[in-house]
file model_34.cif (mmCIF, N, CA and C atoms)
data_entry
loop_
_atom_site.label_atom_id
_atom_site.label_comp_id
_atom_site.auth_asym_id
_atom_site.auth_seq_id
_atom_site.Cartn_x
_atom_site.Cartn_y
_atom_site.Cartn_z
N MET A 1 -2.07 -33.93 4.05
CA MET A 1 -2.35 -32.94 3.03
C MET A 1 -1.03 -32.61 2.33
N LEU A 2 -1.08 -32.51 1.02
CA LEU A 2 0.10 -32.20 0.23
C LEU A 2 -0.29 -31.15 -0.80
N GLY A 3 0.59 -30.22 -1.04
CA GLY A 3 0.28 -29.17 -2.01
C GLY A 3 1.53 -28.59 -2.62
N ARG A 4 1.30 -27.63 -3.47
CA ARG A 4 2.39 -26.94 -4.16
C ARG A 4 2.18 -25.43 -4.06
N ILE A 5 3.28 -24.74 -3.99
CA ILE A 5 3.22 -23.27 -4.01
C ILE A 5 3.28 -22.84 -5.48
N ARG A 6 2.25 -22.15 -5.94
CA ARG A 6 2.20 -21.65 -7.32
C ARG A 6 2.93 -20.33 -7.44
N GLU A 7 2.75 -19.48 -6.44
CA GLU A 7 3.40 -18.18 -6.46
C GLU A 7 3.57 -17.67 -5.04
N ALA A 8 4.54 -16.81 -4.86
CA ALA A 8 4.78 -16.16 -3.57
C ALA A 8 5.09 -14.70 -3.85
N LYS A 9 4.46 -13.83 -3.07
CA LYS A 9 4.63 -12.39 -3.30
C LYS A 9 4.81 -11.70 -1.95
N TYR A 10 5.85 -10.85 -1.86
CA TYR A 10 6.07 -10.06 -0.65
C TYR A 10 5.24 -8.78 -0.75
N ILE A 11 4.47 -8.50 0.29
CA ILE A 11 3.64 -7.30 0.36
C ILE A 11 4.26 -6.36 1.38
N ASP A 12 4.67 -5.18 0.92
CA ASP A 12 5.32 -4.18 1.78
C ASP A 12 4.27 -3.43 2.60
N ASP A 13 4.37 -3.52 3.92
CA ASP A 13 3.48 -2.80 4.83
C ASP A 13 4.20 -1.68 5.58
N SER A 14 5.42 -1.34 5.17
CA SER A 14 6.19 -0.34 5.89
C SER A 14 5.53 1.03 5.86
N TRP A 15 4.68 1.28 4.86
CA TRP A 15 3.98 2.56 4.76
C TRP A 15 3.15 2.85 6.01
N LYS A 16 2.73 1.82 6.73
CA LYS A 16 1.93 2.01 7.94
C LYS A 16 2.70 2.75 9.03
N TYR A 17 4.03 2.64 8.99
CA TYR A 17 4.87 3.22 10.03
C TYR A 17 5.71 4.38 9.52
N ALA A 18 5.75 4.60 8.20
CA ALA A 18 6.64 5.60 7.61
C ALA A 18 6.31 7.03 8.06
N ARG A 19 5.04 7.32 8.32
CA ARG A 19 4.69 8.68 8.73
C ARG A 19 5.24 8.98 10.13
N ASP A 20 5.12 8.03 11.05
CA ASP A 20 5.60 8.22 12.42
C ASP A 20 7.10 8.00 12.56
N PHE A 21 7.69 7.25 11.64
CA PHE A 21 9.12 6.96 11.67
C PHE A 21 9.70 7.25 10.28
N PRO A 22 9.91 8.52 9.94
CA PRO A 22 10.40 8.88 8.60
C PRO A 22 11.73 8.23 8.24
N VAL A 23 12.54 7.91 9.23
CA VAL A 23 13.83 7.27 8.96
C VAL A 23 13.63 5.92 8.27
N LEU A 24 12.46 5.33 8.40
CA LEU A 24 12.18 4.05 7.76
C LEU A 24 12.30 4.14 6.23
N LYS A 25 12.09 5.31 5.67
CA LYS A 25 12.20 5.49 4.22
C LYS A 25 13.64 5.30 3.74
N ASP A 26 14.60 5.34 4.65
CA ASP A 26 16.00 5.12 4.30
C ASP A 26 16.41 3.66 4.47
N SER A 27 15.47 2.81 4.86
CA SER A 27 15.80 1.41 5.10
C SER A 27 15.90 0.65 3.79
N VAL A 28 16.54 -0.48 3.85
CA VAL A 28 16.73 -1.32 2.67
C VAL A 28 15.38 -1.84 2.17
N PHE A 29 14.39 -1.97 3.05
CA PHE A 29 13.09 -2.50 2.65
C PHE A 29 12.27 -1.45 1.91
N TYR A 30 12.47 -0.21 2.23
CA TYR A 30 11.69 0.87 1.64
C TYR A 30 12.40 1.48 0.44
N ASN A 31 13.71 1.63 0.55
CA ASN A 31 14.52 2.31 -0.46
C ASN A 31 15.33 1.26 -1.22
N HIS A 32 14.95 0.96 -2.45
CA HIS A 32 15.61 -0.10 -3.22
C HIS A 32 17.04 0.25 -3.59
N ASP A 33 17.43 1.53 -3.49
CA ASP A 33 18.80 1.91 -3.78
C ASP A 33 19.74 1.66 -2.60
N SER A 34 19.19 1.22 -1.46
CA SER A 34 20.01 1.03 -0.26
C SER A 34 21.09 -0.02 -0.45
N MET A 35 20.84 -0.99 -1.32
CA MET A 35 21.83 -2.04 -1.54
C MET A 35 23.09 -1.48 -2.21
N THR A 36 22.94 -0.35 -2.87
CA THR A 36 24.08 0.19 -3.61
C THR A 36 24.47 1.57 -3.11
N GLY A 37 24.39 1.80 -1.81
CA GLY A 37 24.86 3.07 -1.31
C GLY A 37 23.83 3.88 -0.55
N GLY A 38 22.68 3.28 -0.24
CA GLY A 38 21.68 3.97 0.55
C GLY A 38 22.16 4.17 1.98
N LYS A 39 21.37 4.80 2.80
CA LYS A 39 21.79 5.13 4.15
C LYS A 39 21.83 3.92 5.08
N PHE A 40 20.90 2.97 4.93
CA PHE A 40 20.87 1.78 5.79
C PHE A 40 21.13 0.54 4.96
N ASN A 41 21.99 -0.34 5.44
CA ASN A 41 22.12 -1.63 4.78
C ASN A 41 21.14 -2.59 5.46
N VAL A 42 21.07 -3.81 5.01
CA VAL A 42 20.08 -4.74 5.55
C VAL A 42 20.29 -5.00 7.04
N PHE A 43 21.53 -5.09 7.51
CA PHE A 43 21.79 -5.38 8.92
C PHE A 43 21.39 -4.20 9.80
N LYS A 44 21.72 -2.98 9.37
CA LYS A 44 21.33 -1.80 10.14
C LYS A 44 19.81 -1.65 10.15
N THR A 45 19.17 -1.98 9.04
CA THR A 45 17.71 -1.89 8.96
C THR A 45 17.06 -2.84 9.95
N VAL A 46 17.50 -4.09 9.97
CA VAL A 46 16.93 -5.08 10.89
C VAL A 46 17.18 -4.67 12.34
N ASP A 47 18.38 -4.20 12.65
CA ASP A 47 18.68 -3.73 14.01
C ASP A 47 17.78 -2.57 14.40
N TRP A 48 17.59 -1.61 13.47
CA TRP A 48 16.75 -0.45 13.78
C TRP A 48 15.30 -0.86 14.02
N ILE A 49 14.80 -1.75 13.20
CA ILE A 49 13.42 -2.24 13.38
C ILE A 49 13.28 -2.94 14.72
N GLN A 50 14.24 -3.78 15.06
CA GLN A 50 14.19 -4.49 16.34
C GLN A 50 14.23 -3.51 17.52
N ASP A 51 15.05 -2.48 17.42
CA ASP A 51 15.19 -1.52 18.52
C ASP A 51 14.04 -0.52 18.61
N ASN A 52 13.35 -0.26 17.51
CA ASN A 52 12.33 0.79 17.48
C ASN A 52 10.92 0.28 17.20
N LEU A 53 10.71 -0.29 16.03
CA LEU A 53 9.36 -0.68 15.64
C LEU A 53 8.82 -1.88 16.42
N ALA A 54 9.67 -2.82 16.73
CA ALA A 54 9.20 -4.03 17.42
C ALA A 54 8.61 -3.71 18.79
N ARG A 55 8.90 -2.53 19.32
CA ARG A 55 8.38 -2.13 20.63
C ARG A 55 7.06 -1.37 20.53
N VAL A 56 6.62 -1.04 19.33
CA VAL A 56 5.38 -0.29 19.13
C VAL A 56 4.20 -1.21 19.41
N LYS A 57 3.25 -0.73 20.20
CA LYS A 57 2.07 -1.53 20.53
C LYS A 57 1.31 -1.88 19.25
N GLY A 58 1.00 -3.14 19.07
CA GLY A 58 0.27 -3.60 17.91
C GLY A 58 1.12 -3.84 16.67
N TYR A 59 2.45 -3.75 16.82
CA TYR A 59 3.34 -3.94 15.67
C TYR A 59 3.15 -5.34 15.09
N GLN A 60 2.96 -5.41 13.78
CA GLN A 60 2.73 -6.70 13.11
C GLN A 60 3.75 -6.96 12.00
N GLY A 61 4.78 -6.17 11.94
CA GLY A 61 5.80 -6.37 10.91
C GLY A 61 5.70 -5.32 9.83
N ILE A 62 6.73 -5.27 8.97
CA ILE A 62 6.73 -4.29 7.90
C ILE A 62 6.36 -4.91 6.56
N GLY A 63 5.92 -6.14 6.59
CA GLY A 63 5.49 -6.80 5.37
C GLY A 63 5.02 -8.21 5.66
N HIS A 64 4.45 -8.82 4.64
CA HIS A 64 4.01 -10.20 4.78
C HIS A 64 4.09 -10.89 3.41
N ILE A 65 3.97 -12.20 3.42
CA ILE A 65 4.03 -12.99 2.20
C ILE A 65 2.62 -13.49 1.86
N GLU A 66 2.22 -13.31 0.62
CA GLU A 66 0.98 -13.90 0.12
C GLU A 66 1.36 -15.07 -0.76
N LEU A 67 0.73 -16.21 -0.48
CA LEU A 67 1.03 -17.43 -1.24
C LEU A 67 -0.16 -17.83 -2.09
N GLY A 68 0.13 -18.32 -3.28
CA GLY A 68 -0.88 -18.97 -4.12
C GLY A 68 -0.60 -20.46 -4.04
N LEU A 69 -1.52 -21.20 -3.45
CA LEU A 69 -1.30 -22.62 -3.18
C LEU A 69 -2.27 -23.49 -3.98
N THR A 70 -1.81 -24.69 -4.30
CA THR A 70 -2.67 -25.70 -4.91
C THR A 70 -2.55 -26.98 -4.10
N LEU A 71 -3.67 -27.49 -3.61
CA LEU A 71 -3.67 -28.77 -2.91
C LEU A 71 -3.68 -29.89 -3.94
N THR A 72 -2.71 -30.80 -3.84
CA THR A 72 -2.64 -31.90 -4.79
C THR A 72 -3.17 -33.19 -4.19
N LYS A 73 -3.07 -33.32 -2.87
CA LYS A 73 -3.61 -34.49 -2.16
C LYS A 73 -4.26 -34.00 -0.87
N PRO A 74 -5.56 -33.70 -0.91
CA PRO A 74 -6.25 -33.15 0.28
C PRO A 74 -6.29 -34.07 1.49
#
call {"tool": "encode", "arguments": {"input": "model_34.cif", "output": "structure tokens"}}
result
Amino acid sequence: MLGRIREAKYIDDSWKYARDFPVLKDSVFYNHDSMTGGKFNVFKTVDWIQDNLARVKGYQGIGHIELGLTLTKP
């Protein structure tokens, strides 16, 4: 099977955890200003997620990718 990716879109699911973990709103994934002076940079955000959210029962991540695909040779 061979195909092509037409589009890829990141879907933010961090809102599922933001109420129980308000500090998540300061993360680079939630706060787009974090790259330019926000409270968490990308490395601190990933470390915090690994130390806190990854241990939550049923944790499935803070986002996912939706792909638009076309099969060219089924």
call {"tool": "atom_distance", "arguments": {"input": "model_34.cif", "atom1": "CA of Ser14 in chain A", "atom2": "atom N of Gly61 in chain A"}}
result
8.5 Å
call {"tool": "resolve_selection", "arguments": {"input": "model_34.cif", "expression": "the PyMOL selection byres (((chain A and resi 17 and name CA) around 12) and name CA)", "output": "list in words"}}
result
Asp12, Asp13, Ser14, Trp15, Lys16, Ala18, Arg19, Asp20, Phe21, Pro22, Val23, Leu24, Lys25, Tyr30, Ile49, Asn52, Leu53, Ala54, Val56, Lys57, Gly58, Tyr59, Gln60, Gly61, Ile62 and Gly63 of chain A
call {"tool": "atom_distance", "arguments": {"input": "model_34.cif", "atom1": "CA of Thr72 in chain A", "atom2": "atom C of Lys9 in chain A"}}
result
21.7 Å
call {"tool": "select_by_dssp", "arguments": {"input": "model_34.cif", "residues": "chain A", "states": "alpha helix (DSSP H)", "output": "CSV table (one decimal) with N, CA and C atoms, in the coordinates of the input"}}
result
chain,number,residue,atom,x,y,z
A,15,TRP,N,4.7,1.3,4.9
A,15,TRP,CA,4.0,2.6,4.8
A,15,TRP,C,3.2,2.8,6.0
A,16,LYS,N,2.7,1.8,6.7
A,16,LYS,CA,1.9,2.0,7.9
A,16,LYS,C,2.7,2.8,9.0
A,17,TYR,N,4.0,2.6,9.0
A,17,TYR,CA,4.9,3.2,10.0
A,17,TYR,C,5.7,4.4,9.5
A,18,ALA,N,5.8,4.6,8.2
A,18,ALA,CA,6.6,5.6,7.6
A,18,ALA,C,6.3,7.0,8.1
A,42,VAL,N,21.1,-3.8,5.0
A,42,VAL,CA,20.1,-4.7,5.6
A,42,VAL,C,20.3,-5.0,7.0
A,43,PHE,N,21.5,-5.1,7.5
A,43,PHE,CA,21.8,-5.4,8.9
A,43,PHE,C,21.4,-4.2,9.8
A,44,LYS,N,21.7,-3.0,9.4
A,44,LYS,CA,21.3,-1.8,10.1
A,44,LYS,C,19.8,-1.6,10.2
A,45,THR,N,19.2,-2.0,9.0
A,45,THR,CA,17.7,-1.9,9.0
A,45,THR,C,17.1,-2.8,10.0
A,46,VAL,N,17.5,-4.1,10.0
A,46,VAL,CA,16.9,-5.1,10.9
A,46,VAL,C,17.2,-4.7,12.3
A,47,ASP,N,18.4,-4.2,12.6
A,47,ASP,CA,18.7,-3.7,14.0
A,47,ASP,C,17.8,-2.6,14.4
A,48,TRP,N,17.6,-1.6,13.5
A,48,TRP,CA,16.8,-0.4,13.8
A,48,TRP,C,15.3,-0.9,14.0
A,49,ILE,N,14.8,-1.8,13.2
A,49,ILE,CA,13.4,-2.2,13.4
A,49,ILE,C,13.3,-2.9,14.7
A,50,GLN,N,14.2,-3.8,15.1
A,50,GLN,CA,14.2,-4.5,16.3
A,50,GLN,C,14.2,-3.5,17.5
A,51,ASP,N,15.0,-2.5,17.4
A,51,ASP,CA,15.2,-1.5,18.5
A,51,ASP,C,14.0,-0.5,18.6
call {"tool": "select_by_dssp", "arguments": {"input": "model_34.cif", "residues": "chain A", "states": "strand (DSSP E or B)", "output": "PDB file with N, CA and C atoms, in the frame of the given file"}}
result
ATOM      1  N   LEU A   2      -1.080 -32.510   1.020  1.00  0.00           N
ATOM      2  CA  LEU A   2       0.100 -32.200   0.230  1.00  0.00           C
ATOM      3  C   LEU A   2      -0.290 -31.150  -0.800  1.00  0.00           C
ATOM      4  N   GLY A   3       0.590 -30.220  -1.040  1.00  0.00           N
ATOM      5  CA  GLY A   3       0.280 -29.170  -2.010  1.00  0.00           C
ATOM      6  C   GLY A   3       1.530 -28.590  -2.620  1.00  0.00           C
ATOM      7  N   ARG A   4       1.300 -27.630  -3.470  1.00  0.00           N
ATOM      8  CA  ARG A   4       2.390 -26.940  -4.160  1.00  0.00           C
ATOM      9  C   ARG A   4       2.180 -25.430  -4.060  1.00  0.00           C
ATOM     10  N   ILE A   5       3.280 -24.740  -3.990  1.00  0.00           N
ATOM     11  CA  ILE A   5       3.220 -23.270  -4.010  1.00  0.00           C
ATOM     12  C   ILE A   5       3.280 -22.840  -5.480  1.00  0.00           C
ATOM     13  N   ARG A   6       2.250 -22.150  -5.940  1.00  0.00           N
ATOM     14  CA  ARG A   6       2.200 -21.650  -7.320  1.00  0.00           C
ATOM     15  C   ARG A   6       2.930 -20.330  -7.440  1.00  0.00           C
ATOM     16  N   GLU A   7       2.750 -19.480  -6.440  1.00  0.00           N
ATOM     17  CA  GLU A   7       3.400 -18.180  -6.460  1.00  0.00           C
ATOM     18  C   GLU A   7       3.570 -17.670  -5.040  1.00  0.00           C
ATOM     19  N   ALA A   8       4.540 -16.810  -4.860  1.00  0.00           N
ATOM     20  CA  ALA A   8       4.780 -16.160  -3.570  1.00  0.00           C
ATOM     21  C   ALA A   8       5.090 -14.700  -3.850  1.00  0.00           C
ATOM     22  N   LYS A   9       4.460 -13.830  -3.070  1.00  0.00           N
ATOM     23  CA  LYS A   9       4.630 -12.390  -3.300  1.00  0.00           C
ATOM     24  C   LYS A   9       4.810 -11.700  -1.950  1.00  0.00           C
ATOM     25  N   TYR A  10       5.850 -10.850  -1.860  1.00  0.00           N
ATOM     26  CA  TYR A  10       6.070 -10.060  -0.650  1.00  0.00           C
ATOM     27  C   TYR A  10       5.240  -8.780  -0.750  1.00  0.00           C
ATOM     28  N   ILE A  11       4.470  -8.500   0.290  1.00  0.00           N
ATOM     29  CA  ILE A  11       3.640  -7.300   0.360  1.00  0.00           C
ATOM     30  C   ILE A  11       4.260  -6.360   1.380  1.00  0.00           C
ATOM     31  N   ASP A  12       4.670  -5.180   0.920  1.00  0.00           N
ATOM     32  CA  ASP A  12       5.320  -4.180   1.780  1.00  0.00           C
ATOM     33  C   ASP A  12       4.270  -3.430   2.600  1.00  0.00           C
ATOM     34  N   GLY A  63       5.920  -6.140   6.590  1.00  0.00           N
ATOM     35  CA  GLY A  63       5.490  -6.800   5.370  1.00  0.00           C
ATOM     36  C   GLY A  63       5.020  -8.210   5.660  1.00  0.00           C
ATOM     37  N   HIS A  64       4.450  -8.820   4.640  1.00  0.00           N
ATOM     38  CA  HIS A  64       4.010 -10.200   4.780  1.00  0.00           C
ATOM     39  C   HIS A  64       4.090 -10.890   3.410  1.00  0.00           C
ATOM     40  N   ILE A  65       3.970 -12.200   3.420  1.00  0.00           N
ATOM     41  CA  ILE A  65       4.030 -12.990   2.200  1.00  0.00           C
ATOM     42  C   ILE A  65       2.620 -13.490   1.860  1.00  0.00           C
ATOM     43  N   GLU A  66       2.220 -13.310   0.620  1.00  0.00           N
ATOM     44  CA  GLU A  66       0.980 -13.900   0.120  1.00  0.00           C
ATOM     45  C   GLU A  66       1.360 -15.070  -0.760  1.00  0.00           C
ATOM     46  N   LEU A  67       0.730 -16.210  -0.480  1.00  0.00           N
ATOM     47  CA  LEU A  67       1.030 -17.430  -1.240  1.00  0.00           C
ATOM     48  C   LEU A  67      -0.160 -17.830  -2.090  1.00  0.00           C
ATOM     49  N   GLY A  68       0.130 -18.320  -3.280  1.00  0.00           N
ATOM     50  CA  GLY A  68      -0.880 -18.970  -4.120  1.00  0.00           C
ATOM     51  C   GLY A  68      -0.600 -20.460  -4.040  1.00  0.00           C
ATOM     52  N   LEU A  69      -1.520 -21.200  -3.450  1.00  0.00           N
ATOM     53  CA  LEU A  69      -1.300 -22.620  -3.180  1.00  0.00           C
ATOM     54  C   LEU A  69      -2.270 -23.490  -3.980  1.00  0.00           C
ATOM     55  N   THR A  70      -1.810 -24.690  -4.300  1.00  0.00           N
ATOM     56  CA  THR A  70      -2.670 -25.700  -4.910  1.00  0.00           C
ATOM     57  C   THR A  70      -2.550 -26.980  -4.100  1.00  0.00           C
ATOM     58  N   LEU A  71      -3.670 -27.490  -3.610  1.00  0.00           N
ATOM     59  CA  LEU A  71      -3.670 -28.770  -2.910  1.00  0.00           C
ATOM     60  C   LEU A  71      -3.680 -29.890  -3.940  1.00  0.00           C
ATOM     61  N   THR A  72      -2.710 -30.800  -3.840  1.00  0.00           N
ATOM     62  CA  THR A  72      -2.640 -31.900  -4.790  1.00  0.00           C
ATOM     63  C   THR A  72      -3.170 -33.190  -4.190  1.00  0.00           C
ATOM     64  N   LYS A  73      -3.070 -33.320  -2.870  1.00  0.00           N
ATOM     65  CA  LYS A  73      -3.610 -34.490  -2.160  1.00  0.00           C
ATOM     66  C   LYS A  73      -4.260 -34.000  -0.870  1.00  0.00           C
TER      67      LYS A  73
END
call {"tool": "axis_aligned_box", "arguments": {"input": "model_34.cif", "around": "range 55-65 of chain A", "padding_each_side": "4 Å", "output": "lines of an AutoDock Vina configuration file"}}
result
center_x = 4.6
center_y = -6.9
center_z = 11.2
size_x = 16.6
size_y = 21.2
size_z = 26.8
call {"tool": "atom_distance", "arguments": {"input": "model_34.cif", "atom1": "CA of Gln50 in chain A", "atom2": "atom C of Asp26 in chain A"}}
result
14.6 Å
